[in-house]
Structure formats: structure tokens, C-alpha cells
$ cat query38.cif   # mmCIF, C-alpha atoms
data_entry
#
loop_
_atom_site.group_PDB
_atom_site.id
_atom_site.type_symbol
_atom_site.label_atom_id
_atom_site.label_comp_id
_atom_site.auth_asym_id
_atom_site.auth_seq_id
_atom_site.Cartn_x
_atom_site.Cartn_y
_atom_site.Cartn_z
ATOM 1 C CA MET A 1 -11.026 0.079 -26.265
ATOM 2 C CA ASN A 2 -12.418 -1.525 -23.095
ATOM 3 C CA ARG A 3 -9.208 -3.481 -22.667
ATOM 4 C CA CYS A 4 -7.199 -0.246 -22.765
ATOM 5 C CA ILE A 5 -9.503 1.387 -20.189
ATOM 6 C CA ASP A 6 -9.251 -1.693 -17.956
ATOM 7 C CA LYS A 7 -5.451 -1.546 -18.122
ATOM 8 C CA ILE A 8 -5.446 2.163 -17.224
ATOM 9 C CA TYR A 9 -7.856 1.508 -14.339
ATOM 10 C CA ASP A 10 -5.682 -1.385 -13.123
ATOM 11 C CA ASN A 11 -2.565 0.801 -13.222
ATOM 12 C CA ILE A 12 -4.310 3.646 -11.344
ATOM 13 C CA LYS A 13 -5.420 1.130 -8.719
ATOM 14 C CA LYS A 14 -1.854 -0.139 -8.340
ATOM 15 C CA ILE A 15 -0.474 3.407 -8.040
ATOM 16 C CA ILE A 16 -3.002 4.173 -5.292
ATOM 17 C CA MET A 17 -1.943 1.006 -3.475
ATOM 18 C CA TYR A 18 1.733 1.953 -3.804
ATOM 19 C CA ILE A 19 1.136 5.465 -2.491
ATOM 20 C CA SER A 20 -0.799 4.077 0.465
ATOM 21 C CA SER A 21 2.002 1.649 1.308
ATOM 22 C CA TYR A 22 3.999 4.673 2.498
ATOM 23 C CA PHE A 23 1.276 5.962 4.831
ATOM 24 C CA PRO A 24 3.469 5.530 7.943
ATOM 25 C CA LEU A 25 6.237 7.494 6.212
ATOM 26 C CA TYR A 26 3.930 10.452 5.563
ATOM 27 C CA ILE A 27 2.940 10.520 9.221
ATOM 28 C CA MET A 28 6.613 10.339 10.297
ATOM 29 C CA ILE A 29 7.560 13.197 7.966
ATOM 30 C CA ILE A 30 4.776 15.342 9.392
ATOM 31 C CA ILE A 31 5.901 14.582 12.950
ATOM 32 C CA LEU A 32 9.558 15.264 12.161
ATOM 33 C CA ASN A 33 8.727 18.557 10.436
ATOM 34 C CA PHE A 34 5.814 19.696 12.564
ATOM 35 C CA SER A 35 7.524 22.897 13.669
ATOM 36 C CA SER A 36 8.145 23.840 10.020
ATOM 37 C CA PHE A 37 4.507 23.263 9.133
ATOM 38 C CA THR A 38 3.434 26.000 11.530
ATOM 39 C CA ARG A 39 4.775 28.385 8.850
ATOM 40 C CA VAL A 40 2.725 26.677 6.133
ATOM 41 C CA PHE A 41 0.966 29.894 5.037
ATOM 42 C CA TYR A 42 4.121 32.015 5.010
ATOM 43 C CA ASP A 43 6.500 29.901 2.933
ATOM 44 C CA ILE A 44 5.448 28.533 -0.475
ATOM 45 C CA LYS A 45 7.950 25.639 -0.305
ATOM 46 C CA ILE A 46 6.581 24.468 3.055
ATOM 47 C CA PHE A 47 3.037 24.936 1.770
ATOM 48 C CA LEU A 48 3.745 22.711 -1.256
ATOM 49 C CA ILE A 49 5.352 19.975 0.859
ATOM 50 C CA PHE A 50 2.476 20.105 3.342
ATOM 51 C CA PHE A 51 -0.097 20.027 0.515
ATOM 52 C CA ILE A 52 1.612 17.045 -1.161
ATOM 53 C CA LEU A 53 1.739 15.164 2.155
ATOM 54 C CA LEU A 54 -1.954 15.844 2.752
ATOM 55 C CA LEU A 55 -2.746 14.656 -0.768
ATOM 56 C CA LEU A 56 -0.740 11.458 -0.206
ATOM 57 C CA LEU A 57 -2.558 10.873 3.107
ATOM 58 C CA VAL A 58 -5.937 11.284 1.388
ATOM 59 C CA VAL A 59 -4.929 8.821 -1.360
ATOM 60 C CA SER A 60 -3.830 6.379 1.369
ATOM 61 C CA ILE A 61 -7.193 6.625 3.094
ATOM 62 C CA ILE A 62 -8.925 6.110 -0.259
ATOM 63 C CA SER A 63 -6.989 2.844 -0.667
ATOM 64 C CA ILE A 64 -8.359 1.546 2.644
ATOM 65 C CA VAL A 65 -11.887 2.572 1.642
ATOM 66 C CA LEU A 66 -11.463 0.810 -1.712
ATOM 67 C CA LEU A 67 -10.090 -2.292 0.003
ATOM 68 C CA LYS A 68 -12.914 -2.420 2.562
ATOM 69 C CA LEU A 69 -15.704 -1.606 0.097
ATOM 70 C CA GLY A 70 -14.425 -3.941 -2.606
ATOM 71 C CA ARG A 71 -16.801 -6.791 -3.226
ATOM 72 C CA GLY A 72 -16.576 -9.720 -5.489
ATOM 73 C CA SER A 73 -18.303 -12.934 -6.313
ATOM 74 C CA LYS A 74 -15.280 -14.847 -7.515
ATOM 75 C CA GLU A 75 -14.620 -18.130 -5.795
ATOM 76 C CA LYS A 76 -11.130 -19.198 -4.852
ATOM 77 C CA ILE A 77 -10.413 -22.720 -3.750
ATOM 78 C CA ILE A 78 -7.735 -22.756 -1.088
ATOM 79 C CA GLY A 79 -5.589 -25.543 0.197
ATOM 80 C CA ASN A 80 -2.661 -25.064 2.507
ATOM 81 C CA ILE A 81 -2.133 -21.516 3.597
ATOM 82 C CA GLU A 82 1.362 -20.361 4.487
ATOM 83 C CA ASN A 83 1.830 -18.092 7.473
ATOM 84 C CA PRO A 84 2.359 -14.488 6.623
ATOM 85 C CA ASP A 85 6.025 -13.717 6.461
ATOM 86 C CA ASP A 86 7.793 -10.587 7.532
ATOM 87 C CA ALA A 87 7.627 -9.004 4.069
ATOM 88 C CA VAL A 88 5.663 -5.972 5.282
ATOM 89 C CA LEU A 89 8.053 -5.407 8.183
ATOM 90 C CA SER A 90 11.026 -5.791 5.838
ATOM 91 C CA TYR A 91 9.385 -3.274 3.508
ATOM 92 C CA ILE A 92 9.168 -0.726 6.323
ATOM 93 C CA MET A 93 12.739 -1.281 7.478
ATOM 94 C CA THR A 94 14.237 -1.331 3.995
ATOM 95 C CA TYR A 95 12.429 1.538 2.319
ATOM 96 C CA MET A 96 10.925 3.844 4.927
ATOM 97 C CA ILE A 97 13.501 4.074 7.684
ATOM 98 C CA PRO A 98 16.389 5.190 5.414
ATOM 99 C CA ILE A 99 14.264 7.999 3.968
ATOM 100 C CA ILE A 100 13.402 9.521 7.358
ATOM 101 C CA SER A 101 16.654 8.756 9.155
ATOM 102 C CA ASN A 102 18.725 11.237 7.190
ATOM 103 C CA GLY A 103 18.571 14.457 9.192
ATOM 104 C CA ASN A 104 20.044 16.500 6.356
ATOM 105 C CA ASN A 105 17.147 18.161 4.529
ATOM 106 C CA SER A 106 19.278 19.678 1.799
ATOM 107 C CA ARG A 107 17.866 20.039 -1.690
ATOM 108 C CA GLU A 108 20.094 17.205 -2.933
ATOM 109 C CA ILE A 109 18.895 14.765 -0.242
ATOM 110 C CA ILE A 110 15.267 15.633 -0.977
ATOM 111 C CA ILE A 111 15.821 15.070 -4.717
ATOM 112 C CA VAL A 112 17.552 11.736 -4.047
ATOM 113 C CA ASN A 113 14.688 10.647 -1.745
ATOM 114 C CA ILE A 114 12.108 11.588 -4.385
ATOM 115 C CA PHE A 115 14.095 9.646 -6.994
ATOM 116 C CA LEU A 116 14.298 6.672 -4.601
ATOM 117 C CA PHE A 117 10.537 6.869 -3.971
ATOM 118 C CA LEU A 118 9.848 6.859 -7.743
ATOM 119 C CA LEU A 119 12.337 4.044 -8.404
ATOM 120 C CA ILE A 120 10.833 1.876 -5.671
ATOM 121 C CA GLY A 121 7.386 2.697 -7.063
ATOM 122 C CA TYR A 122 8.359 1.587 -10.542
ATOM 123 C CA ILE A 123 9.758 -1.706 -9.218
ATOM 124 C CA TYR A 124 6.780 -2.146 -6.856
ATOM 125 C CA LEU A 125 4.343 -1.804 -9.772
ATOM 126 C CA ARG A 126 6.425 -3.759 -12.277
ATOM 127 C CA LEU A 127 6.793 -6.744 -9.911
ATOM 128 C CA ASN A 128 3.154 -6.539 -8.747
ATOM 129 C CA LEU A 129 4.103 -6.087 -5.082
ATOM 130 C CA ILE A 130 0.937 -4.204 -4.179
ATOM 131 C CA PHE A 131 0.279 -6.637 -1.340
ATOM 132 C CA LEU A 132 3.206 -5.095 0.609
ATOM 133 C CA ASN A 133 1.180 -2.509 2.458
ATOM 134 C CA PRO A 134 1.664 -1.746 6.172
ATOM 135 C CA LEU A 135 -1.515 0.344 6.201
ATOM 136 C CA TRP A 136 -3.613 -2.725 5.464
ATOM 137 C CA ALA A 137 -1.913 -4.598 8.298
ATOM 138 C CA LEU A 138 -2.855 -1.722 10.617
ATOM 139 C CA PHE A 139 -6.483 -2.269 9.593
ATOM 140 C CA GLY A 140 -6.380 -6.011 10.317
ATOM 141 C CA TYR A 141 -5.613 -7.462 6.900
ATOM 142 C CA MET A 142 -3.015 -10.211 6.699
ATOM 143 C CA ILE A 143 -1.127 -11.571 3.728
ATOM 144 C CA TYR A 144 -1.105 -15.313 3.089
ATOM 145 C CA LYS A 145 0.159 -17.481 0.265
ATOM 146 C CA ASP A 146 -1.669 -20.561 -0.923
ATOM 147 C CA ASP A 147 -0.347 -23.743 -2.565
ATOM 148 C CA LYS A 148 -0.354 -22.032 -5.964
ATOM 149 C CA LYS A 149 1.797 -19.206 -4.535
ATOM 150 C CA GLU A 150 -1.031 -16.748 -5.064
ATOM 151 C CA ILE A 151 -1.378 -13.973 -2.506
ATOM 152 C CA ILE A 152 -4.503 -13.767 -0.359
ATOM 153 C CA ILE A 153 -5.218 -10.512 1.453
ATOM 154 C CA THR A 154 -7.843 -11.026 4.124
ATOM 155 C CA ASN A 155 -9.028 -10.078 7.569
ATOM 156 C CA ILE A 156 -9.859 -13.732 8.266
ATOM 157 C CA SER A 157 -7.580 -15.320 10.838
ATOM 158 C CA ARG A 158 -5.280 -18.184 9.896
ATOM 159 C CA LEU A 159 -7.183 -20.479 12.267
ATOM 160 C CA GLU A 160 -10.446 -19.739 10.468
ATOM 161 C CA LEU A 161 -8.780 -20.160 7.067
ATOM 162 C CA LYS A 162 -7.632 -23.674 8.029
ATOM 163 C CA HIS A 163 -11.285 -24.750 8.148
ATOM 164 C CA LYS A 164 -12.268 -23.197 4.827
ATOM 165 C CA ARG A 165 -11.856 -24.746 1.405
ATOM 166 C CA MET A 166 -13.236 -21.841 -0.585
ATOM 167 C CA LEU A 167 -13.214 -18.058 -0.294
ATOM 168 C CA MET A 168 -15.444 -15.476 -1.947
ATOM 169 C CA GLY A 169 -13.834 -12.250 -3.028
ATOM 170 C CA TYR A 170 -12.132 -10.547 -5.928
ATOM 171 C CA TYR A 171 -8.777 -10.268 -7.629
ATOM 172 C CA LEU A 172 -7.081 -6.976 -6.905
ATOM 173 C CA SER A 173 -4.496 -7.838 -9.529
ATOM 174 C CA ASN A 174 -3.048 -10.938 -11.161
ATOM 175 C CA GLY A 175 -2.414 -13.477 -8.428
ATOM 176 C CA ILE A 176 -3.627 -11.214 -5.592
ATOM 177 C CA PHE A 177 -6.997 -12.226 -4.149
ATOM 178 C CA VAL A 178 -8.927 -10.197 -1.552
ATOM 179 C CA ALA A 179 -11.438 -11.922 0.733
ATOM 180 C CA HIS A 180 -13.405 -10.096 3.432
ATOM 181 C CA LYS A 181 -14.481 -11.881 6.593
ATOM 182 C CA ASN A 182 -18.068 -10.650 6.293
ATOM 183 C CA ASN A 183 -18.388 -12.273 2.826
ATOM 184 C CA ASN A 184 -17.087 -15.657 3.921
#

$ encode --input "query38.cif" --output "C-alpha cells"
Amino acid sequence: MNRCIDKIYDNIKKIIMYISSYFPLYIMIIILNFSSFTRVFYDIKIFLIFFILLLLLVVSIISIVLLKLGRGSKEKIIGNIENPDDAVLSYIMTYMIPIISNGNNSREIIIVNIFLFLLIGYIYLRLNLIFLNPLWALFGYMIYKDDKKEIIITNISRLELKHKRMLMGYYLSNGIFVAHKNNN
């Protein structure tokens, strides 16, 4: 029973991380549709869209709180750390820009964008890509890979990491380790 609950908790955590990875998109949608949102209390469709965007923003903020408050006492031995690549930037350019760049807000385009969002989410969760999160980068967290090709999410600079052999933190998911500067 505990194993089942742990799996559900892990999946909820991953979904929260996926939702937060689109934080910049939610802000862009609000900016692009700001004039429509002034009618939020007069049109049920606009109200629902606005409410969903606010909900997604709140979930995104929760992910940052969870990331910052997360503590762990697991030790991770590190060797060579690879520089962070442009995976987060590629994520933004590949998945966010196409969604907002289509000026046609027809029902069909909205349905296709929702389908695309869900499809990307399924792949994101299935391939354990929760480390691809621009919001975390905005809050000072970088993504590194170690010799074992495990992902390290940390707010410790690469220069400081060069002088460390061990990190204290926790596993966010299989192969994704989080280490906070104030714990190391």
C-alpha cells in the first residue's frame, strides 16, 4: 500500500514540475490577452481561461516553494560535472514559442494547443524530463550532469562544485538530485 501511495505522490510531484515548466508561457498568454481579461466577469469563457491560468500560476509557484523547502540528508559523491547545456533554452524555443506565436485564437487552434500541451506533458513525464524547467533557472538553479549521467539541480555555482566531492540533498526523481547551497 505504501508503495502505491509513494508512486502516486511521485507522479503528482512530476505533474507539478511539468506544469511549472510552462510558467513563462502562462505569463505570455496573460500579456497577449490582457485586454480580453478586463471582461473576465462578463464572459464565462474568458473567466474560465483566466481562472485556469491563475491556477497554473499558483501551481508553478508551489513548485518553487517545494524546490526551495525540500531538504534531504542523502549524500551524493560527485566527480566531473558537465556544464549545463542549452536544454532549457531549447525547451522554451521548441515548445513555448509555437504555442503563443499563432495569432489565430480559433476554437480549433486552442484545442490543438491543449492537445499539444498534454502530449508534451505525457512525454515529459514518461521520459523523466522534470529537470527542464525555465522557472528554476529564473530562481538561480542550474542543471548539471555528473560522470554517471545523473542530473544535479543546484544553486551552487560550477566553480564551487569543482571543489566539492560530495553533495547533501535529495532525489527529486530517479537520477535527478537536488542540492541546495545552504546545505552544502

$ residues_near_point --input "query38.cif" --point "(-11.7, -11.4, 6.1)" --cutoff "7 Å" --atoms "all atoms listed in the file" --output "list in words"
Thr154, Asn155, Ile156, Ala179, His180, Lys181 and Asn182 of chain A

$ residues_near_point --input "query38.cif" --point "(-6.5, 4.2, 0.2)" --cutoff "9 Å" --atoms "only C-alpha atoms" --output "MDAnalysis selection string"
chainID A and resid 16:17 19:21 57:67 135

$ closest_residue --input "query38.cif" --among "A:Val112, A:Ile46, A:Arg107, A:Asn83" --to "Leu159 (chain A)" --atoms "all atoms listed in the file"
A:Asn83

$ residues_around --input "query38.cif" --residues "Tyr22 (chain A)" --least-positions-apart "3" --cutoff "8 Å" --atoms "only C-alpha atoms" --output "PyMOL selection string"
chain A and resi 18-19+25-26+96+133-135

$ residues_around --input "query38.cif" --residues "Tyr170 (chain A)" --least-positions-apart "2" --cutoff "6 Å" --atoms "all atoms listed in the file" --output "PyMOL selection string"
chain A and resi 72+74+177-178

$ resolve_selection --input "query38.cif" --expression "the PyMOL selection byres ((chain A and resi 81) around 7)" --output "list in words"
Gly79, Asn80, Glu82, Asn83, Tyr144, Lys145, Asp146 and Asp147 of chain A

$ closest_residue --input "query38.cif" --among "A:Ala87, A:Asn184, A:Gly121, A:Phe47" --to "Met142 (chain A)" --atoms "only C-alpha atoms"
A:Ala87

$ residues_around --input "query38.cif" --residues "Asn11 (chain A)" --least-positions-apart "6" --cutoff "12 Å" --atoms "only C-alpha atoms" --output "list of chain:residue names"
A:Cys4, A:Ile5, A:Met17, A:Tyr18, A:Gly121, A:Tyr122, A:Tyr124, A:Leu125, A:Arg126, A:Asn128, A:Ile130, A:Leu172, A:Ser173, A:Asn174
